[in-house]
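Peer 1: Before anything else, here's the structure in question.
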Amino acid sequence: MNKFVHEASRSEIEQANARSRIALRDGTGVPRIGQGTWNIGEDASRRKEEVEALKLGVELGMNLIDTAEMYGEGRSETVVGEAVKGLRDKVFLVSKVYPHNAGLGRIERSCENSLKRLGTDHLDLYLLHWRGSVPLEETVEGMERLVQQGKIARWGVSNFDTDDMEELLRLARGTHCATNQVLYHLGSRGIEFDLLPWQRKRQMPIMAYSPLAQAGALRRGLVQNEAVKAVAEAHGATPLQVILAWCIREEGVIAIPKASSREHVLQNAAAALIDLSEEELRQLDRAFPEPKRKMPLDII
Ligand code: NDP
């Protein structure tokens with residue numbers, strides 16, 4: 001193994017991702033670094049590049065792809081469908097239903113439409129995008145029917161805080177929930193106080209969205225931080241690679257960075273090579289402390 005991440009060969013990156021996997025509650029293995037797709041499909045002139053980037057990610061082992069009916073009102077799902085053509089068996093496909101479509105009747109239609117756009121007969125995971133006005137019991141019933149029909153293999157939720165999760169798991173089949181997708185990155189550690197340990201105790205991984213803190217001022221504050229830069233330099237990595245490696249440093253987290261170029265995908269996949277030492281984690285903790293009290297769930 002090379003000392004520096006930027007020296008790693010493609011096969012070393014593939015091997016690192018093959019090792020870096022996590023089990024869902026039913027034992028299904030998924031990669032700890034997958035691929036997000038929000039804003040993909042928005043610019044037709046970039047479509048080919050986006051498809052190629054997603055395919056490369058799958059080849060490198062980031063074979064969990066997250067999309068949603070909301071993203072570009074289906075355009076993201078269409079691009080993902082193009083990317084997984086011929087590769088469907090290798091991919092763990094995740095999509096999400098809008099809260100207003102999560103009632104009986106509508107959820108079947110939404111799922112059907114997603115399947116059509118994705119060019120597949122089933123999803124590996126279907127998530128309620130966020131909690132709306134449809135009663136949770138009804139959404140669980142709809143999800144369970146889709147499982148019985150073979151249209152989805154399992155279901156989960158997104159943007160649920162601990163109290164929402166407790167309410168969900170009090171329902172008869174609420175315990176079938178496979179994951180909760182929430183915002184989590186070095187600059188937003190609130191879930192470490194209660195939600196993350198709560199889910200860990202129940203073998204229910206967190207799916208961390210915006211693990212690179214998107215783009216903008218918050219991200220700049222992270223990548224320009226002296227501690228992040230020092231750790232990156234020690235690994236021959238970029239600050240963003242350190243931020244991604246930090247996100248999956250412990251059990252129970254799957255990160256889904258979104259990248260629309262082959263170069264970014266390669267860099268994100270290479271983050272699986274980074275093992276942060278105890279001292280490096282302490283350095284990062286000093287710069288971005290863990291929460292000492294309950295924080296409201298960060299939501300985009
Ligand atoms: P991310 O934190 O993943 O950041 C994405 C941004 O980072 C893009 O601008 C991308 O640019 C850039 N980027 C990616 N890799 C690199 C790299 N190696 N170097 C430099 N820049 C890079 O933000 P997202 O909000 O997209 O979150 C990830 C995914 O999580 C979403 O795409 C979506 O699937 C999911 N999500 C779910 C939500 C929910 O409510 N459930 C809410 C928000 C996101 P470029 O495209 O040019 O590569």
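The way I read the labels, and the way they are meant: chains A, B, ... in the order of the structure tokens, residue 1 as the first residue of every chain, and ligand 1 as the first ligand shown, with later ones counted on from there.
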Please give me, as a list in words, the residues lying within 6 Å of ligand 1 when counting only C-alpha atoms and all ligand atoms.
Peer 2: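 Those residues are Gly36, Thr37, Trp38, Asp66, Thr67, His129, Ser158, Gln181, Tyr209, Ser210, Pro211, Leu212, Ala213, Gln214, Ala215, Ile256, Pro257, Lys258, Ala259, Ser260, Ser261, His264, Gln267, Asn268 and Ile300 of chain A.
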Peer 1: Which residues come within 12 Å of Arg106 of chain A, counting only C-alpha atoms, excluding same-chain residues fewer than 2 positions away, as a list in words?
Peer 2: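 Residues meeting the cut-off are Val97, Tyr98, Pro99, His100, Asn101, Ala102, Gly103, Leu104, Glu108, Arg109, Ser110, Cys111, Glu112, Asn113, Val134, Glu138, Thr139, Gly142, Met143 and Leu146 of chain A.
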Peer 1: With only C-alpha atoms as the atoms that count, which of A:Leu118, A:Leu240, A:Ala18, A:Met165 lies nearest to Val265 of chain A?
Peer 2: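 Looking at the shortest contact to Val265 of chain A, the residue is A:Leu240.
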Peer 1: Report, in Å with one decimal, the straight-line distance from atom CA of Gly41 of chain A to atom CA of Ala237 of chain A.
Peer 2: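 According to the coordinates, atom CA of Gly41 of chain A and atom CA of Ala237 of chain A are separated by 29.2 Å.
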Peer 1: Restricting the calculation to only C-alpha atoms: of A:Glu7, A:Glu263, A:Glu59, A:Glu42, which residue gets closest to Glu73 of chain A?
Peer 2: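 Nearest to Glu73 of chain A: A:Glu42.
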Peer 1: Considering only strand (DSSP E or B) as DSSP defines it on the backbone, what residues of segment 78-282 of chain A qualify? List them as a PDB file with C-alpha atoms, in the first residue's frame.
Peer 2:
```pdb
ATOM      1  CA  PHE A  92     -27.741  -1.153  -4.905  1.00  0.00           C
ATOM      2  CA  LEU A  93     -30.363   1.315  -6.106  1.00  0.00           C
ATOM      3  CA  VAL A  94     -32.037   3.765  -3.716  1.00  0.00           C
ATOM      4  CA  SER A  95     -34.846   6.188  -4.530  1.00  0.00           C
ATOM      5  CA  LYS A  96     -37.210   8.315  -2.477  1.00  0.00           C
ATOM      6  CA  VAL A  97     -40.872   9.163  -2.492  1.00  0.00           C
ATOM      7  CA  LEU A 123     -35.481  -0.841  -6.067  1.00  0.00           C
ATOM      8  CA  LEU A 125     -34.260   0.558  -1.025  1.00  0.00           C
ATOM      9  CA  TYR A 126     -37.130   3.055  -1.082  1.00  0.00           C
ATOM     10  CA  LEU A 127     -37.115   5.983   1.327  1.00  0.00           C
ATOM     11  CA  LEU A 128     -39.743   8.410   2.569  1.00  0.00           C
ATOM     12  CA  ILE A 152     -38.790  -2.801  -3.521  1.00  0.00           C
ATOM     13  CA  TRP A 155     -37.649   0.563   2.817  1.00  0.00           C
ATOM     14  CA  GLY A 156     -36.422   3.327   5.076  1.00  0.00           C
ATOM     15  CA  VAL A 157     -36.867   7.004   5.908  1.00  0.00           C
ATOM     16  CA  SER A 158     -34.994  10.280   5.603  1.00  0.00           C
ATOM     17  CA  ASN A 180     -32.534   6.813   8.032  1.00  0.00           C
ATOM     18  CA  GLN A 181     -30.835   9.206   5.610  1.00  0.00           C
ATOM     19  CA  VAL A 182     -29.794  12.446   7.319  1.00  0.00           C
ATOM     20  CA  LEU A 183     -27.347  15.307   6.907  1.00  0.00           C
ATOM     21  CA  HIS A 185     -20.477  15.907   7.946  1.00  0.00           C
ATOM     22  CA  SER A 188     -22.610  19.229  11.337  1.00  0.00           C
ATOM     23  CA  ILE A 206     -27.227   6.161   9.061  1.00  0.00           C
ATOM     24  CA  MET A 207     -26.990   7.197   5.415  1.00  0.00           C
ATOM     25  CA  ALA A 208     -25.080  10.494   5.534  1.00  0.00           C
ATOM     26  CA  TYR A 209     -26.186  13.021   2.947  1.00  0.00           C
ATOM     27  CA  VAL A 253     -22.431   5.234   8.579  1.00  0.00           C
ATOM     28  CA  ILE A 254     -22.793   5.101   4.800  1.00  0.00           C
ATOM     29  CA  ALA A 255     -21.821   8.338   2.981  1.00  0.00           C
ATOM     30  CA  LYS A 258     -22.413  13.482  -5.202  1.00  0.00           C
TER      31      LYS A 258
END
```
Peer 1: List every residue of segment 88-153 of chain A that DSSP, applied to the backbone of this structure, assigns to alpha helix (DSSP H), and report them as a ChimeraX atom specification.
Peer 2: /A:106-118,136-148
Peer 1: Expressed in Å to a single decimal, how great is the separation between atom CA of Tyr184 of chain A and atom CA of Lys292 of chain A?
Peer 2: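 Computing it gives 16.2 Å between the two atoms.
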Peer 1: I need the residue nearest Ala272 of chain A from this list: A:Lys90, A:Lys229, A:Lys3, A:Arg32. Use only C-alpha atoms for the distance.
Peer 2: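 Of the candidates, the smallest distance to Ala272 of chain A is held by A:Arg32.
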Peer 1: At a cut-off of 10 Å, using only C-alpha atoms, what residues contact Val223 of chain A? Leave out same-chain residues fewer than 2 positions from it and give the result as a list in words.
Peer 2: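 Near Val223 of chain A, the qualifying residues are Leu212, Ala213, Leu218, Arg219, Arg220, Gly221, Asn225, Glu226, Ala227, Val228, Lys229, Ala232, Thr238, Pro239, Leu240, Gln241, Val242 and Ile243 of chain A.
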Peer 1: Could you dump the residues just selected with all heavy atoms as a compact mmCIF listing (two decimals), in the first residue's frame?
Peer 2:
```txt
# COMPACT_ATOMS: atom_id res chain seq x y z
N LEU A 212 -19.92 15.98 1.97
CA LEU A 212 -18.84 16.92 1.61
C LEU A 212 -19.27 18.36 1.91
O LEU A 212 -18.64 19.31 1.45
CB LEU A 212 -18.49 16.79 0.12
CG LEU A 212 -18.14 15.38 -0.38
CD1 LEU A 212 -17.93 15.38 -1.90
CD2 LEU A 212 -16.90 14.87 0.32
N ALA A 213 -20.36 18.50 2.66
CA ALA A 213 -20.88 19.82 3.04
C ALA A 213 -21.26 20.67 1.82
O ALA A 213 -21.14 21.90 1.85
CB ALA A 213 -19.90 20.56 3.94
N LEU A 218 -19.77 27.09 3.98
CA LEU A 218 -19.57 26.07 5.03
C LEU A 218 -18.45 25.12 4.61
O LEU A 218 -17.53 24.81 5.38
CB LEU A 218 -20.88 25.30 5.26
CG LEU A 218 -20.87 24.24 6.35
CD1 LEU A 218 -20.41 24.81 7.68
CD2 LEU A 218 -22.27 23.62 6.50
N ARG A 219 -18.51 24.65 3.36
CA ARG A 219 -17.46 23.77 2.83
C ARG A 219 -16.11 24.46 2.88
O ARG A 219 -15.11 23.88 3.29
CB ARG A 219 -17.83 23.38 1.38
CG ARG A 219 -16.69 23.14 0.43
CD ARG A 219 -16.31 21.70 0.26
NE ARG A 219 -17.35 20.87 -0.26
CZ ARG A 219 -17.52 20.58 -1.55
NH1 ARG A 219 -16.74 21.10 -2.46
NH2 ARG A 219 -18.46 19.77 -1.92
N ARG A 220 -16.08 25.74 2.47
CA ARG A 220 -14.79 26.47 2.47
C ARG A 220 -14.20 26.51 3.87
O ARG A 220 -13.00 26.33 4.06
CB ARG A 220 -14.96 27.88 1.90
CG ARG A 220 -15.00 27.91 0.37
CD ARG A 220 -14.77 29.31 -0.17
NE ARG A 220 -15.84 30.23 0.20
CZ ARG A 220 -17.03 30.29 -0.41
NH1 ARG A 220 -17.28 29.49 -1.43
NH2 ARG A 220 -17.96 31.15 -0.02
N GLY A 221 -15.06 26.71 4.87
CA GLY A 221 -14.60 26.75 6.26
C GLY A 221 -13.97 25.42 6.66
O GLY A 221 -13.02 25.39 7.44
N ASN A 225 -9.63 24.78 6.95
CA ASN A 225 -9.26 24.65 8.36
C ASN A 225 -7.85 24.05 8.49
O ASN A 225 -7.51 23.09 7.78
CB ASN A 225 -10.30 23.75 9.06
CG ASN A 225 -9.94 23.53 10.49
OD1 ASN A 225 -9.23 22.60 10.82
ND2 ASN A 225 -10.41 24.42 11.34
N GLU A 226 -7.06 24.59 9.41
CA GLU A 226 -5.65 24.16 9.53
C GLU A 226 -5.55 22.69 9.91
O GLU A 226 -4.67 21.97 9.42
CB GLU A 226 -4.91 25.04 10.56
CG GLU A 226 -4.67 26.47 10.08
CD GLU A 226 -3.98 26.56 8.72
OE1 GLU A 226 -3.11 25.72 8.43
OE2 GLU A 226 -4.34 27.46 7.92
N ALA A 227 -6.42 22.21 10.82
CA ALA A 227 -6.34 20.81 11.25
C ALA A 227 -6.67 19.89 10.07
O ALA A 227 -5.97 18.89 9.83
CB ALA A 227 -7.32 20.56 12.40
N VAL A 228 -7.69 20.23 9.32
CA VAL A 228 -8.07 19.40 8.16
C VAL A 228 -6.93 19.39 7.15
O VAL A 228 -6.55 18.33 6.61
CB VAL A 228 -9.38 19.93 7.51
CG1 VAL A 228 -9.72 19.15 6.24
CG2 VAL A 228 -10.54 19.86 8.50
N LYS A 229 -6.34 20.57 6.92
CA LYS A 229 -5.25 20.65 5.93
C LYS A 229 -4.04 19.82 6.38
O LYS A 229 -3.41 19.14 5.58
CB LYS A 229 -4.85 22.12 5.71
CG LYS A 229 -5.88 22.88 4.88
CD LYS A 229 -5.33 24.13 4.23
CE LYS A 229 -4.94 25.20 5.20
NZ LYS A 229 -4.69 26.50 4.61
N ALA A 232 -4.74 16.16 5.92
CA ALA A 232 -4.73 15.86 4.48
C ALA A 232 -3.29 15.73 3.99
O ALA A 232 -2.94 14.78 3.27
CB ALA A 232 -5.48 16.95 3.72
N THR A 238 -6.52 15.17 -0.36
CA THR A 238 -7.11 16.50 -0.37
C THR A 238 -7.93 16.67 0.92
O THR A 238 -8.37 15.67 1.50
CB THR A 238 -8.05 16.70 -1.58
OG1 THR A 238 -9.20 15.87 -1.37
CG2 THR A 238 -7.38 16.34 -2.89
N PRO A 239 -8.16 17.91 1.34
CA PRO A 239 -9.01 18.12 2.52
C PRO A 239 -10.39 17.46 2.37
O PRO A 239 -10.91 16.89 3.33
CB PRO A 239 -9.12 19.64 2.60
CG PRO A 239 -7.85 20.14 1.99
CD PRO A 239 -7.56 19.18 0.88
N LEU A 240 -10.95 17.49 1.16
CA LEU A 240 -12.28 16.88 0.99
C LEU A 240 -12.23 15.37 1.19
O LEU A 240 -13.17 14.76 1.71
CB LEU A 240 -12.83 17.16 -0.41
CG LEU A 240 -13.74 18.36 -0.59
CD1 LEU A 240 -14.41 18.30 -1.96
CD2 LEU A 240 -14.82 18.46 0.50
N GLN A 241 -11.12 14.75 0.78
CA GLN A 241 -10.98 13.30 1.00
C GLN A 241 -10.93 12.99 2.49
O GLN A 241 -11.49 11.98 2.94
CB GLN A 241 -9.73 12.76 0.29
CG GLN A 241 -9.90 12.69 -1.22
CD GLN A 241 -8.62 12.28 -1.93
OE1 GLN A 241 -7.54 12.76 -1.62
NE2 GLN A 241 -8.76 11.38 -2.89
N VAL A 242 -10.27 13.87 3.25
CA VAL A 242 -10.21 13.68 4.70
C VAL A 242 -11.61 13.84 5.30
O VAL A 242 -12.03 13.06 6.17
CB VAL A 242 -9.22 14.69 5.34
CG1 VAL A 242 -9.36 14.72 6.85
CG2 VAL A 242 -7.81 14.33 4.94
N ILE A 243 -12.35 14.81 4.80
CA ILE A 243 -13.71 15.04 5.31
C ILE A 243 -14.60 13.82 5.05
O ILE A 243 -15.40 13.41 5.89
CB ILE A 243 -14.28 16.34 4.69
CG1 ILE A 243 -13.56 17.53 5.33
CG2 ILE A 243 -15.78 16.45 4.84
CD1 ILE A 243 -13.71 18.83 4.58
```
